[in-house]
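For reference, the structure discussed in these notes is given below.
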Amino acid sequence: MADNYLEKKFEDLKNRGKIYQRRVRNSIDSLFKKNRSYRGYDSKYKVSLNELIKIIEINKLTPSARNQQVLRFKPIIENQAIEFTKKIKLGAALPELNLPFKGSEPNGYIIIYSTVPENKWVDIDLGISAQSMLLKAVDMGLNGICIGAFDKEFALSLIEDKRENLEPLLVIAIGKGNETIKLIPINEGDSHNYYREDGVHYVPKVQELIIK
Ligand SMILES: Cc1cc2nc3c(=O)[nH]c(=O)nc-3n(C[C@H](O)[C@H](O)[C@H](O)COP(=O)(O)O)c2cc1C
């Protein structure tokens with residue numbers, strides 16, 4: 001038996017344990033649970049261009065209606081992100097809070113454009129793309145949110161590509177979320193509005209999904 005046999009065996013078991021822990025931590029269900037919409041981020045964590053590109057690249061693996069692949073993406077960080085933060089609206093259901101709180105604004109964004117006029121199939125691709133990118137972000141230890149309320153003219157002014165029909169459709173903010181978010185089960189007829197209590201953000205989720 002080699003001198004370091006036990007040491008190697010121990011190291012091997014430890015590594016297998018780590019891989020197992022990572023698998024459990026990032027199982028598909030846990031990614032979905034962690035994939036909440038964050039409206040407050042750790043400003044000390046600066047999202048890098050590389051991180052945004054890695055997230056965008058997941059779109060090379062997504063399905064697409066008629067495989068048209070009409071979506072294009074603009075990653076935004078640093079000064080452009082600071083400017084872009086002035087052009088978004090967060091937390092319409094909590095207008096009194098004026099989200100995001102000062103000092104917890106996102107500092108990375110991905111703007112999603114379509115190269116053809118928006119239609120049902122483009123929108124389905126858009127939903128798949130947005131959720132895929134958010135899950136990828138969560139898998140990388142980051143968080144995000146879809147933002148439909150943004151200044152489209154400003155989003156257009158950020159790109160050099162001036163081809164006809166290019167249309168900004170949705171924005172994804174990316175960062176290290178610094179909020180506590182909890183899901184609350186609700187019935188179909190209950191209010192769907194998210195709310196905050198004692199600093200916790202509660203998101204109601206309808207439980208009856210299957211129809212007869
Ligand atoms: C297409 C889409 C557009 C959205 N636009 C905004 C937005 O403009 N501002 C905002 O604060 N939240 C926006 N959200 C986030 C939703 O409010 C959020 O998904 C919902 O409250 C449920 O929370 P959860 O994502 O944590 O489950 C958007 C979500 C989606 C899917």
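We name chains A, B, ... following the order of the structure tokens; residues begin at 1 in each chain, and ligands are numbered from 1 as shown.
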
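Residues of protein or nucleic acid lying within 6 Å of ligand 1, counting only C-alpha atoms and all ligand atoms, are Arg36, Ser37, Lys89, Leu90, Gly91, Ala92, Ile145, Cys146, Ile147, Gly148, Ala149, Tyr194 and Val203 of chain A.
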
Given only C-alpha atoms, how would the per-residue table for range 111-203 of chain A near range 58-73 of chain A read, listing every residue at most 12 Å away with its closest atom pair and distance in Å to one decimal, sorted by chain and number, as CSV?
residue,atom,partner,partner_atom,distance
A:Ile111,CA,A:Phe73,CA,5.6
A:Ile112,CA,A:Phe73,CA,4.8
A:Tyr113,CA,A:Arg72,CA,5.1
A:Ser114,CA,A:Leu71,CA,4.6
A:Thr115,CA,A:Val70,CA,5.4
A:Val116,CA,A:Val70,CA,6.7
A:Pro117,CA,A:Val70,CA,9.7
A:Glu118,CA,A:Val70,CA,9.9
A:Asn119,CA,A:Ala65,CA,11.1
A:Lys120,CA,A:Ala65,CA,9.7
A:Trp121,CA,A:Ala65,CA,5.9
A:Val122,CA,A:Val70,CA,7.3
A:Asp123,CA,A:Ala65,CA,9.8
A:Ile124,CA,A:Ala65,CA,7.7
A:Asp125,CA,A:Ser64,CA,5.6
A:Leu126,CA,A:Leu71,CA,7.4
A:Gly127,CA,A:Ser64,CA,10.5
A:Ile128,CA,A:Thr62,CA,7.3
A:Ser129,CA,A:Asn59,CA,6.3
A:Ala130,CA,A:Asn59,CA,9.2
A:Gln131,CA,A:Thr62,CA,10.4
A:Ser132,CA,A:Ile58,CA,7.0
A:Met133,CA,A:Ile58,CA,6.6
A:Leu134,CA,A:Ile58,CA,10.1
A:Leu135,CA,A:Ile58,CA,9.7
A:Lys136,CA,A:Ile58,CA,7.3
A:Ala137,CA,A:Ile58,CA,10.0
A:Asp139,CA,A:Ile58,CA,11.7
A:Ala155,CA,A:Phe73,CA,11.0
A:Leu156,CA,A:Phe73,CA,11.7
A:Leu158,CA,A:Phe73,CA,11.5
A:Ile159,CA,A:Phe73,CA,10.0
A:Asp161,CA,A:Arg72,CA,10.7
A:Asn165,CA,A:Val70,CA,11.1
A:Leu166,CA,A:Arg72,CA,9.1
A:Glu167,CA,A:Leu71,CA,9.5
A:Pro168,CA,A:Arg72,CA,9.2
A:Leu169,CA,A:Leu71,CA,9.2
A:Leu170,CA,A:Phe73,CA,9.9
A:Val171,CA,A:Phe73,CA,9.4
A:Ile172,CA,A:Phe73,CA,10.2

Selection export as a compact mmCIF listing (two decimals), in the first residue's frame, atoms kept: N, CA and C atoms:
# COMPACT_ATOMS: atom_id res chain seq x y z
N ILE A 111 -29.79 43.83 -22.31
CA ILE A 111 -30.98 44.28 -23.05
C ILE A 111 -31.21 43.28 -24.18
N ILE A 112 -32.47 42.83 -24.31
CA ILE A 112 -32.82 41.86 -25.36
C ILE A 112 -33.56 42.59 -26.48
N TYR A 113 -33.04 42.45 -27.69
CA TYR A 113 -33.64 43.06 -28.88
C TYR A 113 -34.14 41.96 -29.81
N SER A 114 -35.13 42.32 -30.64
CA SER A 114 -35.53 41.42 -31.72
C SER A 114 -35.10 42.06 -33.05
N THR A 115 -34.69 41.21 -33.98
CA THR A 115 -34.29 41.73 -35.30
C THR A 115 -35.47 41.77 -36.26
N VAL A 116 -36.63 41.29 -35.80
CA VAL A 116 -37.85 41.36 -36.62
C VAL A 116 -38.95 41.97 -35.76
N PRO A 117 -40.03 42.49 -36.39
CA PRO A 117 -41.11 43.05 -35.57
C PRO A 117 -41.65 42.00 -34.59
N GLU A 118 -41.99 42.45 -33.39
CA GLU A 118 -42.45 41.54 -32.34
C GLU A 118 -43.71 40.79 -32.79
N ASN A 119 -43.76 39.50 -32.53
CA ASN A 119 -44.98 38.73 -32.78
C ASN A 119 -45.04 37.62 -31.72
N LYS A 120 -46.08 36.80 -31.79
CA LYS A 120 -46.27 35.77 -30.76
C LYS A 120 -45.05 34.85 -30.63
N TRP A 121 -44.46 34.46 -31.75
CA TRP A 121 -43.35 33.50 -31.71
C TRP A 121 -42.09 34.16 -31.15
N VAL A 122 -41.90 35.43 -31.50
CA VAL A 122 -40.75 36.16 -30.95
C VAL A 122 -40.92 36.26 -29.43
N ASP A 123 -42.15 36.53 -28.99
CA ASP A 123 -42.39 36.67 -27.54
C ASP A 123 -42.19 35.35 -26.79
N ILE A 124 -42.54 34.25 -27.43
CA ILE A 124 -42.31 32.94 -26.78
C ILE A 124 -40.81 32.70 -26.66
N ASP A 125 -40.08 32.98 -27.74
CA ASP A 125 -38.61 32.87 -27.68
C ASP A 125 -38.05 33.77 -26.58
N LEU A 126 -38.64 34.96 -26.48
CA LEU A 126 -38.17 35.94 -25.48
C LEU A 126 -38.32 35.40 -24.06
N GLY A 127 -39.48 34.79 -23.78
CA GLY A 127 -39.71 34.24 -22.44
C GLY A 127 -38.73 33.12 -22.12
N ILE A 128 -38.51 32.26 -23.11
CA ILE A 128 -37.57 31.15 -22.90
C ILE A 128 -36.17 31.71 -22.66
N SER A 129 -35.80 32.71 -23.44
CA SER A 129 -34.47 33.31 -23.32
C SER A 129 -34.29 33.96 -21.94
N ALA A 130 -35.28 34.73 -21.54
CA ALA A 130 -35.17 35.47 -20.27
C ALA A 130 -35.03 34.50 -19.09
N GLN A 131 -35.90 33.50 -19.05
CA GLN A 131 -35.83 32.55 -17.93
C GLN A 131 -34.53 31.74 -17.97
N SER A 132 -34.09 31.39 -19.18
CA SER A 132 -32.84 30.63 -19.28
C SER A 132 -31.67 31.45 -18.75
N MET A 133 -31.64 32.72 -19.11
CA MET A 133 -30.53 33.57 -18.65
C MET A 133 -30.59 33.78 -17.14
N LEU A 134 -31.80 33.94 -16.60
CA LEU A 134 -31.93 34.12 -15.14
C LEU A 134 -31.44 32.86 -14.41
N LEU A 135 -31.82 31.70 -14.93
CA LEU A 135 -31.38 30.45 -14.28
C LEU A 135 -29.88 30.28 -14.39
N LYS A 136 -29.32 30.67 -15.53
CA LYS A 136 -27.87 30.60 -15.69
C LYS A 136 -27.19 31.52 -14.65
N ALA A 137 -27.76 32.72 -14.49
CA ALA A 137 -27.21 33.67 -13.51
C ALA A 137 -27.24 33.05 -12.11
N ASP A 139 -27.27 29.93 -11.32
CA ASP A 139 -26.29 28.84 -11.28
C ASP A 139 -24.87 29.40 -11.06
N ALA A 155 -32.74 52.51 -24.93
CA ALA A 155 -32.14 51.19 -25.22
C ALA A 155 -31.67 51.13 -26.67
N LEU A 156 -32.42 51.78 -27.57
CA LEU A 156 -32.01 51.81 -28.98
C LEU A 156 -30.78 52.67 -29.19
N LEU A 158 -28.31 52.97 -27.38
CA LEU A 158 -27.08 52.35 -26.87
C LEU A 158 -26.38 51.45 -27.88
N ILE A 159 -27.08 51.14 -28.97
CA ILE A 159 -26.46 50.18 -29.92
C ILE A 159 -26.04 50.87 -31.22
N ASP A 161 -25.65 49.13 -34.04
CA ASP A 161 -26.39 48.43 -35.11
C ASP A 161 -27.69 49.19 -35.38
N ASN A 165 -36.12 47.66 -38.05
CA ASN A 165 -36.91 46.70 -37.26
C ASN A 165 -36.29 46.25 -35.95
N LEU A 166 -35.07 46.68 -35.66
CA LEU A 166 -34.46 46.27 -34.39
C LEU A 166 -35.28 46.86 -33.24
N GLU A 167 -35.74 45.97 -32.37
CA GLU A 167 -36.68 46.42 -31.35
C GLU A 167 -36.26 45.93 -29.96
N PRO A 168 -36.07 46.85 -29.00
CA PRO A 168 -35.76 46.39 -27.63
C PRO A 168 -37.03 45.81 -27.00
N LEU A 169 -36.94 44.60 -26.45
CA LEU A 169 -38.14 43.94 -25.94
C LEU A 169 -38.18 43.83 -24.42
N LEU A 170 -37.03 43.55 -23.84
CA LEU A 170 -36.99 43.28 -22.40
C LEU A 170 -35.57 43.50 -21.88
N VAL A 171 -35.49 43.80 -20.59
CA VAL A 171 -34.19 43.99 -19.95
C VAL A 171 -34.06 43.00 -18.80
N ILE A 172 -32.87 42.46 -18.63
CA ILE A 172 -32.59 41.61 -17.47
C ILE A 172 -31.52 42.34 -16.64

**Study point:** Close residues, range 187-193 of chain A itself excluded, 8 Å, only C-alpha atoms, min 3 positions apart in chain, as a PyMOL selection string
**Key:** chain A and resi 93+203-208

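Among the candidate residues A:Ile88, A:Ile184, A:Ile110, A:Leu142, the one lying nearest to Tyr41 in chain A is A:Leu142, with distances computed using only C-alpha atoms.
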
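The coordinates place CA of Glu197 in chain A at 21.5 Å from CA of Lys176 in chain A.
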